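Shown below: my_file_31.txt, with compact mmCIF, C-alpha atoms and all ligand atoms.
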# COMPACT_ATOMS: atom_id res chain seq x y z
CA MET A 1 11.85 44.08 2.24
CA LYS A 2 9.71 41.00 1.64
CA PRO A 3 11.52 37.63 1.57
CA LYS A 4 11.91 36.04 -1.85
CA ILE A 5 10.37 32.64 -2.43
CA LEU A 6 9.91 30.16 -5.26
CA VAL A 7 6.84 28.00 -5.87
CA THR A 8 8.13 25.13 -8.00
CA ARG A 9 4.82 23.95 -9.53
CA GLU A 10 1.54 25.53 -10.55
CA VAL A 11 -0.70 26.37 -7.57
CA PHE A 12 -4.14 27.92 -7.09
CA ASP A 13 -4.70 31.67 -7.30
CA GLU A 14 -5.74 32.00 -3.66
CA THR A 15 -2.46 30.39 -2.59
CA LEU A 16 -0.46 32.83 -4.70
CA ASP A 17 -2.51 35.77 -3.35
CA TYR A 18 -1.80 34.70 0.21
CA LEU A 19 1.91 34.21 -0.44
CA ALA A 20 2.16 37.56 -2.24
CA GLN A 21 0.89 39.37 0.85
CA HIS A 22 4.02 38.24 2.68
CA CYS A 23 6.68 37.51 0.06
CA GLU A 24 8.11 38.34 -3.30
CA VAL A 25 6.87 35.30 -5.19
CA GLU A 26 8.08 33.57 -8.34
CA SER A 27 5.76 30.73 -9.28
CA ASN A 28 6.19 28.15 -12.00
CA GLN A 29 2.60 28.56 -13.22
CA GLN A 30 3.58 26.89 -16.53
CA ASP A 31 4.07 23.78 -14.38
CA VAL A 32 7.12 22.55 -16.27
CA ALA A 33 9.13 20.37 -13.87
CA LEU A 34 12.46 22.04 -13.06
CA SER A 35 15.71 20.13 -13.45
CA PRO A 36 17.90 19.96 -10.30
CA ASP A 37 20.24 22.55 -11.83
CA ALA A 38 17.41 24.93 -12.82
CA LEU A 39 15.93 24.58 -9.33
CA ALA A 40 19.28 25.33 -7.66
CA LYS A 41 19.79 28.41 -9.88
CA LYS A 42 16.34 29.76 -9.11
CA LEU A 43 16.80 29.16 -5.36
CA ALA A 44 20.29 30.67 -5.16
CA ASP A 45 19.01 33.96 -3.69
CA ARG A 46 15.71 32.77 -2.13
CA GLU A 47 14.74 32.20 1.46
CA GLY A 48 11.85 29.83 0.89
CA VAL A 49 10.61 27.20 -1.49
CA MET A 50 7.18 25.66 -1.79
CA CYS A 51 7.82 22.38 -3.57
CA ALA A 52 6.26 19.11 -4.61
CA LEU A 53 7.21 15.46 -4.51
CA THR A 54 8.63 15.89 -8.03
CA ASP A 55 11.39 18.16 -6.63
CA ARG A 56 14.45 16.58 -5.04
CA ILE A 57 15.60 18.72 -2.13
CA ASP A 58 18.94 17.10 -1.29
CA ALA A 59 22.28 18.07 0.23
CA ALA A 60 23.71 19.14 -3.15
CA LEU A 61 20.82 21.53 -3.75
CA ILE A 62 20.86 22.92 -0.22
CA GLY A 63 24.60 23.53 -0.54
CA ARG A 64 23.87 25.82 -3.52
CA CYS A 65 21.18 27.85 -1.73
CA PRO A 66 22.90 29.88 1.01
CA ARG A 67 19.83 31.97 1.91
CA LEU A 68 17.34 29.10 2.08
CA LYS A 69 15.46 28.86 5.40
CA ALA A 70 12.21 27.07 4.59
CA VAL A 71 11.17 24.09 2.47
CA ALA A 72 7.39 23.61 2.40
CA ASN A 73 6.38 20.38 0.68
CA ILE A 74 2.89 20.25 -0.83
CA ALA A 75 2.46 16.65 0.28
CA VAL A 76 2.28 14.61 3.43
CA GLY A 77 5.03 12.28 2.18
CA TYR A 78 8.48 13.88 2.21
CA ASN A 79 10.84 11.24 0.86
CA ASN A 80 11.86 13.83 -1.78
CA ILE A 81 13.50 15.90 0.98
CA ASP A 82 16.81 15.05 2.68
CA LEU A 83 15.77 16.02 6.19
CA ALA A 84 19.21 15.47 7.69
CA ALA A 85 20.74 17.86 5.14
CA CYS A 86 18.04 20.46 5.90
CA THR A 87 18.59 20.12 9.64
CA ALA A 88 22.37 20.42 9.34
CA ARG A 89 21.96 23.72 7.49
CA GLY A 90 19.14 25.04 9.72
CA VAL A 91 16.56 24.77 6.95
CA MET A 92 13.11 24.05 8.34
CA ALA A 93 11.07 21.52 6.37
CA THR A 94 7.31 21.06 6.55
CA ASN A 95 4.62 18.82 5.06
CA THR A 96 0.80 18.79 4.84
CA PRO A 97 -0.59 16.09 7.15
CA GLY A 98 -4.27 15.78 7.99
CA VAL A 99 -5.95 17.68 5.17
CA LEU A 100 -5.65 14.79 2.72
CA ASP A 101 -6.45 11.82 4.96
CA ASP A 102 -10.04 11.31 3.87
CA SER A 103 -9.50 11.86 0.15
CA THR A 104 -6.55 9.48 0.16
CA ALA A 105 -8.53 6.87 2.11
CA ASP A 106 -11.39 7.23 -0.40
CA LEU A 107 -8.98 6.52 -3.26
CA ALA A 108 -7.60 3.44 -1.48
CA TRP A 109 -11.20 2.25 -1.28
CA ALA A 110 -11.77 2.99 -4.94
CA LEU A 111 -8.80 0.73 -5.67
CA ILE A 112 -10.10 -1.99 -3.34
CA LEU A 113 -13.50 -2.00 -5.04
CA GLY A 114 -12.08 -1.46 -8.51
CA ALA A 115 -9.67 -4.40 -8.25
CA ALA A 116 -12.20 -6.71 -6.55
CA ARG A 117 -14.95 -6.07 -9.09
CA ARG A 118 -12.59 -5.57 -12.09
CA LEU A 119 -13.98 -2.13 -12.86
CA THR A 120 -11.32 -0.76 -15.18
CA GLU A 121 -10.81 -4.08 -16.97
CA LEU A 122 -14.52 -4.55 -17.59
CA GLU A 123 -15.04 -0.97 -18.67
CA ARG A 124 -12.34 -1.55 -21.29
CA ARG A 125 -14.16 -4.72 -22.41
CA VAL A 126 -17.52 -2.89 -22.67
CA ARG A 127 -15.96 -0.08 -24.68
CA GLY A 128 -14.22 -2.65 -26.88
CA GLY A 129 -17.53 -4.29 -27.80
CA GLU A 130 -16.82 -7.56 -25.97
CA TRP A 131 -20.07 -7.53 -23.96
CA LYS A 132 -22.57 -9.70 -25.78
CA GLY A 133 -25.14 -10.09 -22.98
CA TRP A 134 -25.68 -11.43 -19.47
CA ARG A 135 -24.17 -14.76 -18.42
CA LEU A 136 -24.21 -16.37 -14.98
CA LYS A 137 -20.46 -16.93 -14.82
CA GLN A 138 -19.54 -13.70 -16.53
CA TRP A 139 -16.38 -11.86 -15.44
CA LEU A 140 -16.72 -12.86 -11.80
CA GLY A 141 -15.17 -10.69 -9.15
CA VAL A 142 -14.69 -11.24 -5.42
CA ASP A 143 -16.63 -9.87 -2.47
CA VAL A 144 -15.33 -6.98 -0.44
CA HIS A 145 -18.02 -7.22 2.22
CA HIS A 146 -17.18 -9.57 5.11
CA ALA A 147 -13.65 -10.07 3.77
CA THR A 148 -10.48 -9.48 5.83
CA LEU A 149 -8.77 -6.14 5.30
CA GLY A 150 -5.08 -6.04 6.25
CA ILE A 151 -3.64 -2.56 6.68
CA PHE A 152 0.12 -2.01 6.79
CA GLY A 153 0.68 1.33 8.54
CA MET A 154 -2.00 2.48 10.94
CA GLY A 155 -1.33 6.22 10.90
CA ARG A 156 -4.01 8.78 10.13
CA ILE A 157 -4.69 7.54 6.59
CA GLY A 158 -4.58 3.87 7.62
CA GLN A 159 -7.14 4.66 10.32
CA ALA A 160 -9.39 6.48 7.83
CA ILE A 161 -9.24 3.38 5.59
CA ALA A 162 -10.10 1.15 8.57
CA ARG A 163 -13.09 3.33 9.56
CA ARG A 164 -14.58 2.88 6.09
CA ALA A 165 -14.34 -0.92 6.45
CA ALA A 166 -17.12 -0.93 9.05
CA GLY A 167 -19.71 -0.25 6.35
CA PHE A 168 -18.57 -3.37 4.52
CA GLU A 169 -18.67 -5.40 7.76
CA MET A 170 -15.07 -6.45 7.23
CA LYS A 171 -12.62 -7.99 9.65
CA VAL A 172 -9.76 -5.47 10.04
CA ILE A 173 -6.24 -6.59 10.92
CA TYR A 174 -3.22 -4.29 10.88
CA HIS A 175 0.51 -4.12 11.30
CA ASN A 176 2.37 -1.00 12.36
CA ARG A 177 5.84 -0.21 13.67
CA LYS A 178 4.13 0.58 16.98
CA ARG A 179 0.87 -0.92 18.15
CA ILE A 180 -1.85 1.75 18.45
CA ALA A 181 -3.63 2.45 21.76
CA PRO A 182 -6.12 -0.25 22.85
CA GLU A 183 -8.94 2.31 22.91
CA LEU A 184 -8.25 3.23 19.27
CA GLU A 185 -8.03 -0.46 18.30
CA ARG A 186 -11.46 -0.93 19.86
CA ARG A 187 -12.93 2.05 18.01
CA LEU A 188 -11.52 0.84 14.69
CA ASN A 189 -12.37 -2.75 15.50
CA ALA A 190 -8.83 -3.58 14.39
CA GLU A 191 -6.62 -6.47 15.50
CA TYR A 192 -2.85 -6.05 15.69
CA VAL A 193 -0.93 -8.86 13.96
CA SER A 194 2.62 -9.55 12.79
CA LYS A 195 3.64 -8.73 9.22
CA GLU A 196 3.67 -12.45 8.36
CA GLU A 197 0.21 -13.05 9.83
CA LEU A 198 -1.22 -10.06 7.98
CA LEU A 199 0.16 -11.31 4.67
CA GLY A 200 -1.19 -14.81 5.28
CA ARG A 201 -4.67 -13.81 6.46
CA ALA A 202 -5.73 -10.70 4.54
CA ASP A 203 -7.98 -10.83 1.50
CA PHE A 204 -6.96 -7.23 0.80
CA VAL A 205 -3.46 -6.06 1.76
CA VAL A 206 -3.42 -2.25 1.83
CA LEU A 207 -0.11 -0.42 2.15
CA GLN A 208 -0.07 2.87 3.99
CA VAL A 209 3.51 3.19 5.21
CA PRO A 210 5.74 6.13 4.25
CA TYR A 211 8.60 5.37 1.86
CA SER A 212 12.05 5.22 3.48
CA PRO A 213 15.08 2.92 3.28
CA ASP A 214 13.28 0.78 5.92
CA THR A 215 10.18 0.32 3.76
CA HIS A 216 11.96 -0.04 0.41
CA HIS A 217 10.51 -3.21 -1.21
CA LEU A 218 8.53 -3.99 1.94
CA ILE A 219 6.52 -6.15 -0.46
CA GLY A 220 8.71 -8.22 -2.75
CA GLY A 221 8.63 -11.73 -4.18
CA ALA A 222 8.81 -13.49 -0.80
CA GLU A 223 5.98 -11.41 0.71
CA LEU A 224 3.78 -11.87 -2.36
CA LYS A 225 4.25 -15.64 -2.03
CA ARG A 226 3.03 -15.45 1.58
CA MET A 227 -0.24 -13.85 0.43
CA LYS A 228 -3.27 -15.96 -0.46
CA PRO A 229 -3.63 -16.69 -4.20
CA SER A 230 -7.05 -15.02 -3.91
CA ALA A 231 -5.63 -11.87 -2.26
CA ILE A 232 -5.53 -8.35 -3.69
CA LEU A 233 -2.70 -5.86 -3.06
CA ILE A 234 -3.40 -2.12 -2.85
CA ASN A 235 -0.59 0.44 -3.00
CA SER A 236 -1.64 4.06 -2.81
CA THR A 237 1.21 5.24 -0.59
CA ARG A 238 4.56 5.46 -2.46
CA GLY A 239 6.31 3.71 -5.27
CA GLY A 240 9.29 1.72 -4.01
CA VAL A 241 7.34 0.23 -1.10
CA VAL A 242 6.50 -2.55 -3.58
CA ASP A 243 9.01 -4.30 -5.83
CA ASP A 244 7.09 -3.66 -9.05
CA ALA A 245 8.97 -6.31 -11.07
CA ALA A 246 8.09 -8.94 -8.45
CA LEU A 247 4.47 -7.74 -8.46
CA VAL A 248 4.20 -8.00 -12.25
CA ALA A 249 5.49 -11.59 -12.02
CA ALA A 250 3.05 -12.42 -9.18
CA LEU A 251 0.07 -10.99 -11.08
CA ARG A 252 1.09 -12.80 -14.23
CA ASP A 253 1.54 -16.25 -12.69
CA GLY A 254 -1.41 -16.06 -10.28
CA THR A 255 0.60 -15.86 -7.05
CA ILE A 256 -2.02 -13.23 -6.07
CA ARG A 257 -5.31 -12.42 -7.71
CA ALA A 258 -5.08 -8.70 -8.49
CA ALA A 259 -3.69 -5.31 -7.48
CA GLY A 260 -4.81 -1.71 -7.32
CA LEU A 261 -1.99 0.80 -7.72
CA ASP A 262 -1.84 4.59 -7.53
CA VAL A 263 1.96 4.80 -7.20
CA PHE A 264 4.93 3.17 -8.91
CA GLU A 265 8.68 2.83 -8.79
CA ASN A 266 10.16 5.49 -11.09
CA GLU A 267 6.75 7.02 -11.82
CA PRO A 268 5.51 8.29 -14.20
CA SER A 269 7.37 5.47 -16.02
CA LEU A 270 5.63 2.19 -15.37
CA ASN A 271 7.06 -1.27 -15.44
CA PRO A 272 5.79 -2.20 -18.94
CA GLY A 273 4.62 -5.56 -17.60
CA PHE A 274 1.67 -3.85 -15.86
CA LEU A 275 0.30 -2.66 -19.20
CA ASP A 276 -0.24 -6.20 -20.49
CA LEU A 277 -2.17 -7.35 -17.41
CA HIS A 278 -5.92 -7.14 -16.90
CA ASN A 279 -5.80 -7.91 -13.17
CA VAL A 280 -4.32 -4.59 -12.11
CA VAL A 281 -6.02 -1.21 -11.74
CA LEU A 282 -3.56 1.57 -12.63
CA MET A 283 -4.05 5.15 -11.45
CA PRO A 284 -1.74 8.16 -11.95
CA HIS A 285 -0.87 9.10 -8.32
CA ILE A 286 -4.19 10.83 -7.61
CA GLY A 287 -4.75 9.77 -3.99
CA SER A 288 -5.16 13.31 -2.71
CA SER A 289 -6.37 14.78 -5.98
CA THR A 290 -9.75 16.30 -5.28
CA GLU A 291 -10.34 19.98 -5.83
CA SER A 292 -10.89 20.83 -2.17
CA THR A 293 -8.06 18.66 -0.86
CA ARG A 294 -5.46 19.94 -3.30
CA ARG A 295 -6.51 23.52 -2.47
CA ALA A 296 -6.18 22.72 1.25
CA MET A 297 -2.77 21.11 0.75
CA ALA A 298 -1.43 24.13 -1.15
CA MET A 299 -2.75 26.53 1.49
CA THR A 300 -1.33 24.42 4.33
CA ALA A 301 2.08 24.45 2.66
CA ALA A 302 1.85 28.22 2.13
CA LYS A 303 1.02 28.83 5.79
CA ASN A 304 3.90 26.61 6.89
CA LEU A 305 6.26 28.57 4.65
CA ILE A 306 5.14 31.98 5.85
CA ALA A 307 5.31 30.89 9.49
CA VAL A 308 8.97 29.91 9.11
CA LEU A 309 9.90 33.10 7.26
CA ALA A 310 8.13 35.19 9.91
CA GLY A 311 10.32 33.50 12.54
CA GLY A 312 7.38 31.62 14.05
CA GLU A 313 6.50 27.98 14.60
CA PRO A 314 5.19 26.33 11.41
CA PRO A 315 2.24 24.04 12.20
CA ASN A 316 3.80 21.03 10.45
CA LEU A 317 7.52 21.23 11.17
CA LEU A 318 9.31 17.97 10.31
CA ASN A 319 12.73 18.78 11.78
CA PRO A 320 12.44 20.77 15.03
CA GLU A 321 16.19 20.13 15.55
CA ALA A 322 16.84 22.53 12.65
CA ARG A 323 15.74 25.39 14.87
CA GLY A 324 19.05 25.38 16.74
CA ASN A 325 20.90 25.79 13.44
CA TYR A 326 18.50 28.43 12.07
CA ARG A 327 20.30 31.47 10.75
C1 LIG B 401 1.30 13.05 -0.54
O1 LIG B 401 0.76 14.00 0.03
O2 LIG B 401 2.28 12.48 -0.10
C2 LIG B 401 0.69 12.64 -1.84
O3 LIG B 401 1.27 11.51 -2.36
C3 LIG B 401 0.79 13.80 -2.81
O4 LIG B 401 -0.18 13.64 -3.76
Please lay out the structure from this file as structure tokens.
Ligand code: DGY
Amino acid sequence: MKPKILVTREVFDETLDYLAQHCEVESNQQDVALSPDALAKKLADREGVMCALTDRIDAALIGRCPRLKAVANIAVGYNNIDLAACTARGVMATNTPGVLDDSTADLAWALILGAARRLTELERRVRGGEWKGWRLKQWLGVDVHHATLGIFGMGRIGQAIARRAAGFEMKVIYHNRKRIAPELERRLNAEYVSKEELLGRADFVVLQVPYSPDTHHLIGGAELKRMKPSAILINSTRGGVVDDAALVAALRDGTIRAAGLDVFENEPSLNPGFLDLHNVVLMPHIGSSTESTRRAMAMTAAKNLIAVLAGGEPPNLLNPEARGNYR
């Protein structure tokens, strides 16, 4: 008998075909987000779930799913999953690292350029008929080239962002929980600095840390005050890493120049203050959203799921300690 699994959001046909070779699959191809109760009911008799960051996989849910063995997140970030609860119950959890690094780095760069050169603001002005002709001092932006790029979190995506800075001849500084190897620093031409130094020196502060209790409001009012008034903040990692209310205030009163945001606290609800500001580029959590990358993410998650259910080693296991508790 094939194991029963649930796919909580719409996925691509090739992913479903692959899963169906190994499992009895129910997929939410209507893509209507499931409430916690609906999710628990659907998972009550299932061994695996392929889920998204919109699904909360917590202790309460796991307690209601006695047969669950595998949770395969279609994302590299996994703050929607209570790993400790999974481990305690022998549920193996996986994510999708690697396949989205370049697309996500590209989007961070789109935000850097978009905020520096006011792309979305000025497009709105052109569409609104405000452009009456060329003027020397018209809608001035700031230079990206030769500026200082400060990257918080020098993991795979942070490194991909740093590599792209070479083309703009930027100075790259970074802060990370752990300093990266000297050889890698040399290749990326990146200088390790303290959090305070990064905030004080960077023209562009780019956040690339995962969300956790440790990084909750990593950037709040005090940190924004440490930044240069000319600096631009980029958050394309997770909502909650930035205190959005403090950022709205800082953008409004000129504490910093601008921001580029792909993620928000409580998304898709936005702090309404952002909507009244011109100096912020707002994107709907699309960092990894290119056709090929989203296909690769879904397939990576599917392979992780099948590997667990086949009793093997999933390529992207987040909680190896769960193995001892595996039923
Ligand atoms: C991730 O992989 O964590 C992304 O945010 C999902 O789009």
Quiz item: Neighbours of ligand LIG 401 (chain B) within 10 Å, counting only C-alpha atoms and all ligand atoms, as an MDAnalysis selection string?
Solution: chainID A and resid 52:54 73:80 95:101 104 210:211 236:239 262:263 284:289 293:294 297
Quiz item: Which residues, written as a PyMOL selection string, have at least one atom at most 10 Å from region 311-313 of chain A, with all atoms listed in the file counted and residues fewer than 4 positions away on the same chain left out?
Solution: chain A and resi 69+92+304-307+317+320+323+326
Around region 84-92 of chain A, with edges along x, y and z and 5 Å added on all six sides, what centre and edge lengths do you get, in Å to one decimal, as JSON?
{"center_x": 17.7, "center_y": 20.3, "center_z": 7.4, "size_x": 19.3, "size_y": 19.6, "size_z": 14.6}
Practice problem: Rounded to one decimal place, report the CA of Arg67 (chain A)-CA of Glu47 (chain A) distance in Å. | Solution: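 Computing the Euclidean distance for CA of Arg67 (chain A) and CA of Glu47 (chain A) yields 5.1 Å.
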Quiz item: What gap, in Å, lies between CA of Pro36 (chain A) and CA of Ala59 (chain A)?
Solution: 11.6 Å
Self-check item: d(CA of Arg46 (chain A), CA of Ile81 (chain A)) in Å
Solution: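 CA of Ile81 (chain A) lies at a distance of 17.3 Å from CA of Arg46 (chain A).
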Quiz prompt | Selected residue, from A:Ala245, A:Arg226, A:Ala93, A:Glu265, that lies nearest to Asn316 (chain A) when counting all atoms listed in the file | solution =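 Under the stated criterion, the closest residue is A:Ala93.
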Practice problem: Find the spatial neighbours of Ala85 (chain A), counting only C-alpha atoms, within a cut-off of 8 Å - ignore same-chain residues fewer than 2 positions away - and output them as a ChimeraX atom specification. | Solution: /A:58-59,62,82-83,87-89
Quiz item: From the set A:Ala160, A:Glu169, A:Glu223, A:Arg118, which residue has the shortest atom-to-atom contact distance to Leu277 (chain A), counting all atoms listed in the file?
Solution: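 Under the stated criterion, the closest residue is A:Arg118.
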Self-check item: Nearest to Ile173 (chain A) by atom-to-atom distance, counting only C-alpha atoms, from A:Thr8, A:Gln159, A:Ser35, A:Thr148
Solution: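 Closest to Ile173 (chain A), using only C-alpha atoms: A:Thr148.
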For region 62-154 of chain A against region 186-195 of chain A, with a cut-off of 10 Å and counting all atoms listed in the file, what is the closest atom pair and its distance in Å to one decimal for every residue that makes the cut, ordered by chain and number, as JSON lines?
{"residue": "A:Leu149", "atom": "CA", "partner": "A:Ala190", "partner_atom": "CA", "distance": 9.4}
{"residue": "A:Gly150", "atom": "CA", "partner": "A:Val193", "partner_atom": "CA", "distance": 9.2}
{"residue": "A:Ile151", "atom": "CA", "partner": "A:Ala190", "partner_atom": "CA", "distance": 9.3}
{"residue": "A:Phe152", "atom": "CA", "partner": "A:Lys195", "partner_atom": "CA", "distance": 8.0}
{"residue": "A:Met154", "atom": "CA", "partner": "A:Ala190", "partner_atom": "CA", "distance": 9.8}
My structure is short of atoms at region 132-142 of chain A; please model all heavy atoms there, returning them as a PDB file, in the coordinates of the input.
ATOM      1  N   LYS A 132     -21.536  -9.200 -24.862  1.00  0.00           N
ATOM      2  CA  LYS A 132     -22.570  -9.700 -25.780  1.00  0.00           C
ATOM      3  C   LYS A 132     -23.858 -10.046 -25.036  1.00  0.00           C
ATOM      4  O   LYS A 132     -24.788 -10.595 -25.632  1.00  0.00           O
ATOM      5  CB  LYS A 132     -22.078 -10.963 -26.525  1.00  0.00           C
ATOM      6  CG  LYS A 132     -20.785 -10.761 -27.296  1.00  0.00           C
ATOM      7  CD  LYS A 132     -20.928  -9.744 -28.431  1.00  0.00           C
ATOM      8  CE  LYS A 132     -19.614  -9.549 -29.167  1.00  0.00           C
ATOM      9  NZ  LYS A 132     -19.476  -8.254 -29.782  1.00  0.00           N
ATOM     10  N   GLY A 133     -23.918  -9.789 -23.736  1.00  0.00           N
ATOM     11  CA  GLY A 133     -25.140 -10.090 -22.980  1.00  0.00           C
ATOM     12  C   GLY A 133     -24.809 -10.762 -21.659  1.00  0.00           C
ATOM     13  O   GLY A 133     -23.669 -11.172 -21.424  1.00  0.00           O
ATOM     14  N   TRP A 134     -25.840 -10.908 -20.832  1.00  0.00           N
ATOM     15  CA  TRP A 134     -25.680 -11.430 -19.470  1.00  0.00           C
ATOM     16  C   TRP A 134     -25.367 -12.916 -19.468  1.00  0.00           C
ATOM     17  O   TRP A 134     -25.965 -13.674 -20.220  1.00  0.00           O
ATOM     18  CB  TRP A 134     -26.990 -11.170 -18.713  1.00  0.00           C
ATOM     19  CG  TRP A 134     -26.897 -11.430 -17.239  1.00  0.00           C
ATOM     20  CD1 TRP A 134     -26.597 -10.537 -16.265  1.00  0.00           C
ATOM     21  CD2 TRP A 134     -27.130 -12.685 -16.569  1.00  0.00           C
ATOM     22  NE1 TRP A 134     -26.614 -11.134 -15.038  1.00  0.00           N
ATOM     23  CE2 TRP A 134     -26.932 -12.462 -15.188  1.00  0.00           C
ATOM     24  CE3 TRP A 134     -27.473 -13.973 -17.005  1.00  0.00           C
ATOM     25  CZ2 TRP A 134     -27.077 -13.468 -14.228  1.00  0.00           C
ATOM     26  CZ3 TRP A 134     -27.605 -14.988 -16.053  1.00  0.00           C
ATOM     27  CH2 TRP A 134     -27.418 -14.730 -14.680  1.00  0.00           C
ATOM     28  N   ARG A 135     -24.447 -13.328 -18.633  1.00  0.00           N
ATOM     29  CA  ARG A 135     -24.170 -14.760 -18.420  1.00  0.00           C
ATOM     30  C   ARG A 135     -23.926 -14.969 -16.937  1.00  0.00           C
ATOM     31  O   ARG A 135     -23.342 -14.101 -16.271  1.00  0.00           O
ATOM     32  CB  ARG A 135     -22.932 -15.209 -19.207  1.00  0.00           C
ATOM     33  CG  ARG A 135     -23.166 -15.338 -20.719  1.00  0.00           C
ATOM     34  CD  ARG A 135     -21.993 -16.023 -21.428  1.00  0.00           C
ATOM     35  NE  ARG A 135     -20.762 -15.246 -21.317  1.00  0.00           N
ATOM     36  CZ  ARG A 135     -19.688 -15.646 -20.640  1.00  0.00           C
ATOM     37  NH1 ARG A 135     -19.663 -16.801 -20.006  1.00  0.00           N
ATOM     38  NH2 ARG A 135     -18.609 -14.887 -20.593  1.00  0.00           N
ATOM     39  N   LEU A 136     -24.327 -16.126 -16.425  1.00  0.00           N
ATOM     40  CA  LEU A 136     -24.210 -16.370 -14.980  1.00  0.00           C
ATOM     41  C   LEU A 136     -22.756 -16.302 -14.502  1.00  0.00           C
ATOM     42  O   LEU A 136     -22.456 -15.754 -13.455  1.00  0.00           O
ATOM     43  CB  LEU A 136     -24.807 -17.750 -14.653  1.00  0.00           C
ATOM     44  CG  LEU A 136     -24.871 -18.088 -13.153  1.00  0.00           C
ATOM     45  CD1 LEU A 136     -25.882 -17.204 -12.432  1.00  0.00           C
ATOM     46  CD2 LEU A 136     -25.219 -19.561 -12.930  1.00  0.00           C
ATOM     47  N   LYS A 137     -21.849 -16.850 -15.286  1.00  0.00           N
ATOM     48  CA  LYS A 137     -20.460 -16.930 -14.820  1.00  0.00           C
ATOM     49  C   LYS A 137     -19.574 -15.848 -15.463  1.00  0.00           C
ATOM     50  O   LYS A 137     -18.374 -16.026 -15.644  1.00  0.00           O
ATOM     51  CB  LYS A 137     -19.905 -18.323 -15.147  1.00  0.00           C
ATOM     52  CG  LYS A 137     -20.530 -19.395 -14.257  1.00  0.00           C
ATOM     53  CD  LYS A 137     -20.260 -20.801 -14.747  1.00  0.00           C
ATOM     54  CE  LYS A 137     -18.813 -21.194 -14.635  1.00  0.00           C
ATOM     55  NZ  LYS A 137     -18.609 -22.591 -15.084  1.00  0.00           N
ATOM     56  N   GLN A 138     -20.246 -14.720 -15.769  1.00  0.00           N
ATOM     57  CA  GLN A 138     -19.540 -13.700 -16.530  1.00  0.00           C
ATOM     58  C   GLN A 138     -18.621 -12.841 -15.660  1.00  0.00           C
ATOM     59  O   GLN A 138     -19.064 -12.222 -14.699  1.00  0.00           O
ATOM     60  CB  GLN A 138     -20.582 -12.795 -17.173  1.00  0.00           C
ATOM     61  CG  GLN A 138     -20.052 -11.884 -18.242  1.00  0.00           C
ATOM     62  CD  GLN A 138     -21.207 -11.238 -18.974  1.00  0.00           C
ATOM     63  OE1 GLN A 138     -22.144 -10.736 -18.367  1.00  0.00           O
ATOM     64  NE2 GLN A 138     -21.161 -11.268 -20.287  1.00  0.00           N
ATOM     65  N   TRP A 139     -17.354 -12.807 -16.006  1.00  0.00           N
ATOM     66  CA  TRP A 139     -16.380 -11.860 -15.440  1.00  0.00           C
ATOM     67  C   TRP A 139     -16.560 -11.715 -13.921  1.00  0.00           C
ATOM     68  O   TRP A 139     -16.801 -10.607 -13.402  1.00  0.00           O
ATOM     69  CB  TRP A 139     -16.499 -10.503 -16.156  1.00  0.00           C
ATOM     70  CG  TRP A 139     -16.106 -10.581 -17.597  1.00  0.00           C
ATOM     71  CD1 TRP A 139     -15.064 -11.301 -18.117  1.00  0.00           C
ATOM     72  CD2 TRP A 139     -16.728  -9.933 -18.709  1.00  0.00           C
ATOM     73  NE1 TRP A 139     -14.994 -11.135 -19.484  1.00  0.00           N
ATOM     74  CE2 TRP A 139     -15.992 -10.300 -19.877  1.00  0.00           C
ATOM     75  CE3 TRP A 139     -17.813  -9.076 -18.850  1.00  0.00           C
ATOM     76  CZ2 TRP A 139     -16.317  -9.837 -21.151  1.00  0.00           C
ATOM     77  CZ3 TRP A 139     -18.130  -8.614 -20.126  1.00  0.00           C
ATOM     78  CH2 TRP A 139     -17.400  -9.001 -21.252  1.00  0.00           C
ATOM     79  N   LEU A 140     -16.453 -12.849 -13.237  1.00  0.00           N
ATOM     80  CA  LEU A 140     -16.720 -12.860 -11.800  1.00  0.00           C
ATOM     81  C   LEU A 140     -15.651 -12.095 -11.029  1.00  0.00           C
ATOM     82  O   LEU A 140     -14.455 -12.202 -11.324  1.00  0.00           O
ATOM     83  CB  LEU A 140     -16.783 -14.311 -11.289  1.00  0.00           C
ATOM     84  CG  LEU A 140     -17.818 -15.199 -11.984  1.00  0.00           C
ATOM     85  CD1 LEU A 140     -17.697 -16.643 -11.486  1.00  0.00           C
ATOM     86  CD2 LEU A 140     -19.233 -14.682 -11.739  1.00  0.00           C
ATOM     87  N   GLY A 141     -16.098 -11.364 -10.046  1.00  0.00           N
ATOM     88  CA  GLY A 141     -15.170 -10.690  -9.150  1.00  0.00           C
ATOM     89  C   GLY A 141     -15.158 -11.394  -7.801  1.00  0.00           C
ATOM     90  O   GLY A 141     -15.571 -12.545  -7.690  1.00  0.00           O
ATOM     91  N   VAL A 142     -14.651 -10.686  -6.784  1.00  0.00           N
ATOM     92  CA  VAL A 142     -14.690 -11.240  -5.420  1.00  0.00           C
ATOM     93  C   VAL A 142     -15.377 -10.222  -4.512  1.00  0.00           C
ATOM     94  O   VAL A 142     -15.386  -9.019  -4.791  1.00  0.00           O
ATOM     95  CB  VAL A 142     -13.276 -11.548  -4.862  1.00  0.00           C
ATOM     96  CG1 VAL A 142     -12.658 -12.726  -5.576  1.00  0.00           C
ATOM     97  CG2 VAL A 142     -12.367 -10.336  -4.929  1.00  0.00           C
TER      98      VAL A 142
END
